[in-house]
>>> print(open('my_file01.cif').read())   # mmCIF, C-alpha atoms
data_protein
#
loop_
_atom_site.group_PDB
_atom_site.id
_atom_site.type_symbol
_atom_site.label_atom_id
_atom_site.label_comp_id
_atom_site.auth_asym_id
_atom_site.auth_seq_id
_atom_site.Cartn_x
_atom_site.Cartn_y
_atom_site.Cartn_z
ATOM 1 C CA MET F 507 -4.908 4.176 -33.429
ATOM 2 C CA ASP F 508 -7.619 1.847 -34.689
ATOM 3 C CA THR F 509 -8.393 -0.726 -31.990
ATOM 4 C CA SER F 510 -11.490 -2.230 -33.566
ATOM 5 C CA GLY F 511 -9.657 -5.371 -34.718
ATOM 6 C CA LEU F 512 -7.970 -6.054 -31.384
ATOM 7 C CA GLN F 513 -9.570 -8.517 -28.979
ATOM 8 C CA ASN F 514 -7.442 -7.493 -25.987
ATOM 9 C CA SER F 515 -4.574 -5.186 -25.013
ATOM 10 C CA CYS F 516 -1.792 -7.748 -25.529
ATOM 11 C CA ASP F 517 -0.710 -6.463 -28.945
ATOM 12 C CA ASN F 518 2.851 -5.108 -28.607
ATOM 13 C CA THR F 519 2.317 -2.248 -31.038
ATOM 14 C CA PHE F 520 -0.866 -1.167 -29.263
ATOM 15 C CA TYR F 521 0.781 -1.448 -25.836
ATOM 16 C CA GLU F 522 3.865 0.545 -26.869
ATOM 17 C CA SER F 523 1.731 3.232 -28.500
ATOM 18 C CA LEU F 524 -0.430 3.417 -25.389
ATOM 19 C CA PHE F 525 2.657 3.786 -23.208
ATOM 20 C CA ARG F 526 4.150 6.556 -25.362
ATOM 21 C CA THR F 527 0.916 8.552 -25.409
ATOM 22 C CA LEU F 528 -0.511 7.934 -21.927
ATOM 23 C CA ALA F 529 2.453 7.498 -19.568
ATOM 24 C CA PRO F 530 3.349 11.219 -19.460
ATOM 25 C CA THR F 531 -0.302 12.225 -19.099
ATOM 26 C CA ILE F 532 -1.003 9.795 -16.246
ATOM 27 C CA ARG F 533 2.254 10.808 -14.546
ATOM 28 C CA ASN F 534 1.323 14.503 -14.736
ATOM 29 C CA PHE F 535 -2.163 13.742 -13.420
ATOM 30 C CA LEU F 536 -0.707 11.926 -10.396
ATOM 31 C CA ILE F 537 1.865 14.663 -9.756
ATOM 32 C CA TYR F 538 -0.852 17.304 -9.858
ATOM 33 C CA LYS F 539 -3.117 15.332 -7.544
ATOM 34 C CA TYR F 540 -0.562 13.944 -5.035
ATOM 35 C CA ARG F 541 2.469 16.260 -5.380
ATOM 36 C CA ASP F 542 5.027 13.449 -5.550
ATOM 37 C CA ALA F 543 6.847 13.146 -8.889
ATOM 38 C CA GLU F 544 8.978 10.140 -7.966
ATOM 39 C CA ARG F 545 6.066 8.051 -6.741
ATOM 40 C CA ALA F 546 3.928 9.205 -9.663
ATOM 41 C CA ALA F 547 6.509 7.840 -12.100
ATOM 42 C CA ASP F 548 6.648 4.567 -10.148
ATOM 43 C CA MET F 549 2.871 4.242 -10.145
ATOM 44 C CA VAL F 550 2.714 4.778 -13.911
ATOM 45 C CA GLN F 551 5.206 1.934 -14.331
ATOM 46 C CA GLU F 552 3.158 -0.225 -11.955
ATOM 47 C CA ALA F 553 -0.048 0.564 -13.851
ATOM 48 C CA PHE F 554 1.441 -0.436 -17.194
ATOM 49 C CA LEU F 555 2.927 -3.581 -15.658
ATOM 50 C CA THR F 556 -0.505 -4.468 -14.251
ATOM 51 C CA LEU F 557 -2.086 -3.838 -17.653
ATOM 52 C CA TRP F 558 0.451 -6.122 -19.294
ATOM 53 C CA LYS F 559 -0.190 -8.864 -16.729
ATOM 54 C CA ASN F 560 -3.940 -8.551 -17.309
ATOM 55 C CA CYS F 561 -3.875 -7.624 -20.998
ATOM 56 C CA GLU F 562 -6.033 -10.588 -22.021
ATOM 57 C CA LYS F 563 -8.841 -9.331 -19.771
ATOM 58 C CA VAL F 564 -8.670 -5.638 -20.767
ATOM 59 C CA MET F 565 -10.287 -4.566 -24.010
ATOM 60 C CA PRO F 566 -8.285 -1.928 -25.927
ATOM 61 C CA ASP F 567 -11.026 0.674 -25.661
ATOM 62 C CA MET F 568 -10.967 0.273 -21.849
ATOM 63 C CA ALA F 569 -7.178 0.336 -21.454
ATOM 64 C CA LYS F 570 -6.927 4.087 -20.821
ATOM 65 C CA ALA F 571 -9.518 4.065 -18.018
ATOM 66 C CA TYR F 572 -7.948 0.897 -16.612
ATOM 67 C CA LEU F 573 -4.497 2.515 -16.464
ATOM 68 C CA TYR F 574 -5.783 5.645 -14.741
ATOM 69 C CA ARG F 575 -7.713 3.595 -12.192
ATOM 70 C CA VAL F 576 -4.803 1.275 -11.418
ATOM 71 C CA ALA F 577 -2.301 4.138 -11.114
ATOM 72 C CA GLN F 578 -4.579 6.149 -8.852
ATOM 73 C CA ASN F 579 -5.442 3.123 -6.673
ATOM 74 C CA GLN F 580 -1.737 2.336 -6.266
ATOM 75 C CA MET F 581 -1.035 5.943 -5.295
ATOM 76 C CA LEU F 582 -3.921 5.949 -2.803
ATOM 77 C CA LYS F 583 -2.535 2.812 -1.181
ATOM 78 C CA LEU F 584 0.832 4.527 -0.744
ATOM 79 C CA VAL F 585 -0.817 7.615 0.714
ATOM 80 C CA ASP F 586 -2.784 5.434 3.158
ATOM 81 C CA LYS F 587 0.384 3.591 4.173
ATOM 82 C CA ASP F 588 2.114 6.912 4.792
ATOM 83 C CA LYS F 589 -0.778 8.038 6.998
ATOM 84 C CA VAL F 590 -0.590 4.823 9.011
ATOM 85 C CA LYS F 591 3.163 5.195 9.474
ATOM 86 C CA GLN F 592 2.809 8.832 10.500
ATOM 87 C CA LYS F 593 0.104 8.059 13.077
ATOM 88 C CA HIS F 594 2.230 5.234 14.461
ATOM 89 C CA ILE F 595 5.225 7.552 14.791
ATOM 90 C CA GLN F 596 3.075 10.202 16.497
ATOM 91 C CA PHE F 597 1.619 7.589 18.868
ATOM 92 C CA ILE F 598 5.065 6.365 19.874
ATOM 93 C CA SER F 599 6.439 9.872 20.358
ATOM 94 C CA LYS F 600 3.443 10.938 22.495
ATOM 95 C CA THR F 601 3.829 7.997 24.846
ATOM 96 C CA THR F 602 7.529 8.536 25.513
ATOM 97 C CA HIS F 603 7.711 12.171 26.622
ATOM 98 C CA ASN F 604 6.111 12.116 30.073
ATOM 99 C CA GLU F 605 8.189 9.498 31.877
ATOM 100 C CA ASP F 606 11.509 9.368 33.710
ATOM 101 C CA PRO F 607 14.745 8.709 31.749
ATOM 102 C CA GLN F 608 15.019 5.067 32.857
ATOM 103 C CA PHE F 609 11.469 4.337 31.674
ATOM 104 C CA GLN F 610 12.118 6.193 28.400
ATOM 105 C CA MET F 611 15.236 4.120 27.758
ATOM 106 C CA GLU F 612 13.447 0.832 28.476
ATOM 107 C CA PHE F 613 10.458 1.908 26.428
ATOM 108 C CA SER F 614 12.742 2.931 23.573
ATOM 109 C CA GLU F 615 14.411 -0.507 23.594
ATOM 110 C CA PHE F 616 11.012 -2.192 23.748
ATOM 111 C CA ASP F 617 9.751 0.030 20.911
ATOM 112 C CA VAL F 618 12.698 -0.981 18.717
ATOM 113 C CA GLN F 619 11.933 -4.641 19.377
ATOM 114 C CA ILE F 620 8.238 -4.169 18.596
ATOM 115 C CA GLN F 621 9.105 -2.197 15.447
ATOM 116 C CA ASN F 622 11.399 -5.029 14.384
ATOM 117 C CA ALA F 623 8.619 -7.527 15.053
ATOM 118 C CA ILE F 624 6.180 -5.485 12.962
ATOM 119 C CA ASN F 625 8.775 -5.016 10.219
ATOM 120 C CA GLY F 626 9.304 -8.791 10.241
ATOM 121 C CA LEU F 627 5.709 -9.351 9.182
ATOM 122 C CA SER F 628 4.843 -9.892 5.549
ATOM 123 C CA GLU F 629 3.665 -6.784 3.707
ATOM 124 C CA GLY F 630 0.013 -7.879 3.864
ATOM 125 C CA GLN F 631 0.159 -8.780 7.544
ATOM 126 C CA ARG F 632 1.917 -5.529 8.472
ATOM 127 C CA GLU F 633 -0.561 -3.458 6.475
ATOM 128 C CA VAL F 634 -3.591 -5.118 8.105
ATOM 129 C CA PHE F 635 -2.038 -4.956 11.577
ATOM 130 C CA LEU F 636 -1.244 -1.231 11.346
ATOM 131 C CA LEU F 637 -4.572 -0.340 9.767
ATOM 132 C CA ASN F 638 -6.447 -2.172 12.506
ATOM 133 C CA ARG F 639 -4.328 -1.360 15.559
ATOM 134 C CA ILE F 640 -3.131 2.145 14.717
ATOM 135 C CA GLU F 641 -5.764 3.462 12.308
ATOM 136 C CA LYS F 642 -8.571 1.684 14.216
ATOM 137 C CA LYS F 643 -10.101 0.459 10.946
ATOM 138 C CA THR F 644 -12.545 -2.433 11.071
ATOM 139 C CA TYR F 645 -11.838 -5.626 9.175
ATOM 140 C CA SER F 646 -14.545 -4.790 6.652
ATOM 141 C CA GLU F 647 -13.077 -1.295 6.091
ATOM 142 C CA ILE F 648 -9.629 -2.805 5.609
ATOM 143 C CA ALA F 649 -11.001 -5.431 3.222
ATOM 144 C CA GLU F 650 -12.604 -2.714 1.133
ATOM 145 C CA MET F 651 -9.434 -0.580 1.105
ATOM 146 C CA LEU F 652 -7.203 -3.491 0.103
ATOM 147 C CA GLU F 653 -9.773 -5.024 -2.242
ATOM 148 C CA VAL F 654 -9.674 -8.409 -0.495
ATOM 149 C CA SER F 655 -12.240 -10.422 1.453
ATOM 150 C CA VAL F 656 -12.878 -9.962 5.173
ATOM 151 C CA LYS F 657 -11.685 -13.560 5.631
ATOM 152 C CA ALA F 658 -8.348 -12.633 4.035
ATOM 153 C CA VAL F 659 -8.019 -9.703 6.449
ATOM 154 C CA GLU F 660 -8.857 -11.964 9.406
ATOM 155 C CA LYS F 661 -6.273 -14.511 8.283
ATOM 156 C CA ARG F 662 -3.555 -11.865 7.834
ATOM 157 C CA MET F 663 -4.316 -10.365 11.242
ATOM 158 C CA HIS F 664 -4.271 -13.770 12.928
ATOM 159 C CA LYS F 665 -0.890 -14.609 11.390
ATOM 160 C CA ALA F 666 0.480 -11.169 12.332
ATOM 161 C CA LEU F 667 -0.617 -11.569 15.955
ATOM 162 C CA VAL F 668 0.821 -15.082 16.157
ATOM 163 C CA LYS F 669 4.202 -13.834 14.870
ATOM 164 C CA ILE F 670 4.247 -10.814 17.176
ATOM 165 C CA ARG F 671 3.329 -12.983 20.184
ATOM 166 C CA GLU F 672 6.129 -15.420 19.328
ATOM 167 C CA ILE F 673 8.618 -12.568 19.186
ATOM 168 C CA HIS F 674 7.084 -10.846 22.226
ATOM 169 C CA LYS F 675 7.855 -13.910 24.386
ATOM 170 C CA ASN F 676 11.525 -13.280 23.634
ATOM 171 C CA ILE F 677 11.371 -9.555 24.381
#
>>> encode(input="my_file01.cif", output="structure tokens")
Amino acid sequence: MDTSGLQNSCDNTFYESLFRTLAPTIRNFLIYKYRDAERAADMVQEAFLTLWKNCEKVMPDMAKAYLYRVAQNQMLKLVDKDKVKQKHIQFISKTTHNEDPQFQMEFSEFDVQIQNAINGLSEGQREVFLLNRIEKKTYSEIAEMLEVSVKAVEKRMHKALVKIREIHKNI
């Protein structure tokens, strides 16, 4: 396809052609790399949606690289979230096995309430909270991972802690 006359990637014909030719290739790349066909398909859709939202900023000759980068970054974020969840689950299970049944029951109830409090946070707040408190990532590391400023991470963490403390008073 000749893209020399196009100023950006917003042309419907160009976009549709790009989707038909690249979507299967990007999907296969993600499946090969991450071994998750369902998420790979979702990330391809997300990448093309992101391209469409930013089509005025993406030159046609850069669209392919842009799509690969967006799809892979989205997949990496999911993988990181899975790691955080897994570590959190392991942490909770380690702390509950060495105590008497009464303590385990109380801890289990408390854990459910804390989980509900964490689940009640916005996606950004929950992500920052878990990365910092469970993964032990610094604010600057989190900012780099999420591609936001350190100030944004600080603000999300502050709001998360305020919400959890409000709920914790009722626990």
>>> resolve_selection(input="my_file01.cif", expression="the PyMOL selection byres ((chain F and resi 630-643) around 10)", output="count of residues only")
36
>>> residues_near_point(input="my_file01.cif", point="(-3.3, 5.3, -2.2)", cutoff="12 Å", atoms="only C-alpha atoms", output="list of chain:residue names")
F:Leu536, F:Lys539, F:Tyr540, F:Arg545, F:Ala546, F:Met549, F:Arg575, F:Val576, F:Ala577, F:Gln578, F:Asn579, F:Gln580, F:Met581, F:Leu582, F:Lys583, F:Leu584, F:Val585, F:Asp586, F:Lys587, F:Asp588, F:Lys589, F:Val590, F:Met651, F:Leu652
>>> resolve_selection(input="my_file01.cif", expression="the PyMOL selection byres ((chain F and resi 530) around 12)", output="ChimeraX atom specification")
/F:524-529,531-537,543,546-551,574
>>> write_last_selection(input="my_file01.cif", atoms="C-alpha atoms", output="CSV table (one decimal), keeping the file's coordinate frame")
chain,number,residue,atom,x,y,z
F,524,LEU,CA,-0.4,3.4,-25.4
F,525,PHE,CA,2.7,3.8,-23.2
F,526,ARG,CA,4.2,6.6,-25.4
F,527,THR,CA,0.9,8.6,-25.4
F,528,LEU,CA,-0.5,7.9,-21.9
F,529,ALA,CA,2.5,7.5,-19.6
F,531,THR,CA,-0.3,12.2,-19.1
F,532,ILE,CA,-1.0,9.8,-16.2
F,533,ARG,CA,2.3,10.8,-14.5
F,534,ASN,CA,1.3,14.5,-14.7
F,535,PHE,CA,-2.2,13.7,-13.4
F,536,LEU,CA,-0.7,11.9,-10.4
F,537,ILE,CA,1.9,14.7,-9.8
F,543,ALA,CA,6.8,13.1,-8.9
F,546,ALA,CA,3.9,9.2,-9.7
F,547,ALA,CA,6.5,7.8,-12.1
F,548,ASP,CA,6.6,4.6,-10.1
F,549,MET,CA,2.9,4.2,-10.1
F,550,VAL,CA,2.7,4.8,-13.9
F,551,GLN,CA,5.2,1.9,-14.3
F,574,TYR,CA,-5.8,5.6,-14.7
>>> atom_distance(input="my_file01.cif", atom1="atom CA of Leu512 of chain F", atom2="atom CA of Ala571 of chain F")
16.8 Å
>>> axis_aligned_box(input="my_file01.cif", around="segment 572-579 of chain F", padding_each_side="8 Å", output="JSON")
{"center_x": -5.1, "center_y": 3.5, "center_z": -11.6, "size_x": 21.6, "size_y": 21.3, "size_z": 25.9}
>>> decode(input="my_file01.cif", residues="segment 627-642 of chain F", atoms="N, CA, C and O atoms", output="PDB file, in the first residue's frame")
ATOM      1  N   LEU F 627     -10.505   0.318  45.426  1.00  0.00           N
ATOM      2  CA  LEU F 627      -9.686   1.410  44.896  1.00  0.00           C
ATOM      3  C   LEU F 627      -9.856   1.501  43.390  1.00  0.00           C
ATOM      4  O   LEU F 627     -10.207   0.523  42.735  1.00  0.00           O
ATOM      5  N   SER F 628      -9.567   2.671  42.845  1.00  0.00           N
ATOM      6  CA  SER F 628      -9.579   2.792  41.385  1.00  0.00           C
ATOM      7  C   SER F 628      -8.447   1.936  40.831  1.00  0.00           C
ATOM      8  O   SER F 628      -7.523   1.567  41.562  1.00  0.00           O
ATOM      9  N   GLU F 629      -8.505   1.631  39.562  1.00  0.00           N
ATOM     10  CA  GLU F 629      -7.491   0.772  38.936  1.00  0.00           C
ATOM     11  C   GLU F 629      -6.086   1.341  39.152  1.00  0.00           C
ATOM     12  O   GLU F 629      -5.164   0.623  39.531  1.00  0.00           O
ATOM     13  N   GLY F 630      -5.917   2.631  38.927  1.00  0.00           N
ATOM     14  CA  GLY F 630      -4.603   3.261  39.095  1.00  0.00           C
ATOM     15  C   GLY F 630      -4.114   3.218  40.526  1.00  0.00           C
ATOM     16  O   GLY F 630      -2.939   2.947  40.783  1.00  0.00           O
ATOM     17  N   GLN F 631      -5.005   3.485  41.464  1.00  0.00           N
ATOM     18  CA  GLN F 631      -4.633   3.467  42.881  1.00  0.00           C
ATOM     19  C   GLN F 631      -4.261   2.051  43.317  1.00  0.00           C
ATOM     20  O   GLN F 631      -3.267   1.853  43.999  1.00  0.00           O
ATOM     21  N   ARG F 632      -5.060   1.070  42.916  1.00  0.00           N
ATOM     22  CA  ARG F 632      -4.797  -0.319  43.282  1.00  0.00           C
ATOM     23  C   ARG F 632      -3.457  -0.783  42.713  1.00  0.00           C
ATOM     24  O   ARG F 632      -2.653  -1.403  43.404  1.00  0.00           O
ATOM     25  N   GLU F 633      -3.208  -0.436  41.460  1.00  0.00           N
ATOM     26  CA  GLU F 633      -1.969  -0.842  40.803  1.00  0.00           C
ATOM     27  C   GLU F 633      -0.761  -0.262  41.534  1.00  0.00           C
ATOM     28  O   GLU F 633       0.181  -0.979  41.852  1.00  0.00           O
ATOM     29  N   VAL F 634      -0.794   1.025  41.848  1.00  0.00           N
ATOM     30  CA  VAL F 634       0.313   1.676  42.547  1.00  0.00           C
ATOM     31  C   VAL F 634       0.464   1.099  43.949  1.00  0.00           C
ATOM     32  O   VAL F 634       1.579   0.801  44.386  1.00  0.00           O
ATOM     33  N   PHE F 635      -0.638   0.909  44.650  1.00  0.00           N
ATOM     34  CA  PHE F 635      -0.589   0.371  46.007  1.00  0.00           C
ATOM     35  C   PHE F 635       0.063  -1.008  46.027  1.00  0.00           C
ATOM     36  O   PHE F 635       0.977  -1.260  46.821  1.00  0.00           O
ATOM     37  N   LEU F 636      -0.379  -1.904  45.152  1.00  0.00           N
ATOM     38  CA  LEU F 636       0.165  -3.265  45.131  1.00  0.00           C
ATOM     39  C   LEU F 636       1.621  -3.290  44.673  1.00  0.00           C
ATOM     40  O   LEU F 636       2.437  -4.031  45.232  1.00  0.00           O
ATOM     41  N   LEU F 637       1.950  -2.479  43.688  1.00  0.00           N
ATOM     42  CA  LEU F 637       3.341  -2.437  43.236  1.00  0.00           C
ATOM     43  C   LEU F 637       4.265  -1.942  44.341  1.00  0.00           C
ATOM     44  O   LEU F 637       5.369  -2.456  44.522  1.00  0.00           O
ATOM     45  N   ASN F 638       3.809  -0.967  45.099  1.00  0.00           N
ATOM     46  CA  ASN F 638       4.647  -0.411  46.161  1.00  0.00           C
ATOM     47  C   ASN F 638       4.669  -1.312  47.394  1.00  0.00           C
ATOM     48  O   ASN F 638       5.736  -1.634  47.916  1.00  0.00           O
ATOM     49  N   ARG F 639       3.524  -1.744  47.861  1.00  0.00           N
ATOM     50  CA  ARG F 639       3.442  -2.475  49.121  1.00  0.00           C
ATOM     51  C   ARG F 639       3.740  -3.967  48.991  1.00  0.00           C
ATOM     52  O   ARG F 639       4.262  -4.553  49.927  1.00  0.00           O
ATOM     53  N   ILE F 640       3.426  -4.564  47.877  1.00  0.00           N
ATOM     54  CA  ILE F 640       3.664  -5.993  47.708  1.00  0.00           C
ATOM     55  C   ILE F 640       4.950  -6.240  46.915  1.00  0.00           C
ATOM     56  O   ILE F 640       5.791  -7.034  47.319  1.00  0.00           O
ATOM     57  N   GLU F 641       5.095  -5.537  45.800  1.00  0.00           N
ATOM     58  CA  GLU F 641       6.277  -5.715  44.956  1.00  0.00           C
ATOM     59  C   GLU F 641       7.495  -4.964  45.486  1.00  0.00           C
ATOM     60  O   GLU F 641       8.606  -5.187  45.016  1.00  0.00           O
ATOM     61  N   LYS F 642       7.262  -4.043  46.428  1.00  0.00           N
ATOM     62  CA  LYS F 642       8.345  -3.226  47.007  1.00  0.00           C
ATOM     63  C   LYS F 642       9.037  -2.359  45.961  1.00  0.00           C
ATOM     64  O   LYS F 642      10.232  -2.087  46.040  1.00  0.00           O
TER      65      LYS F 642
END
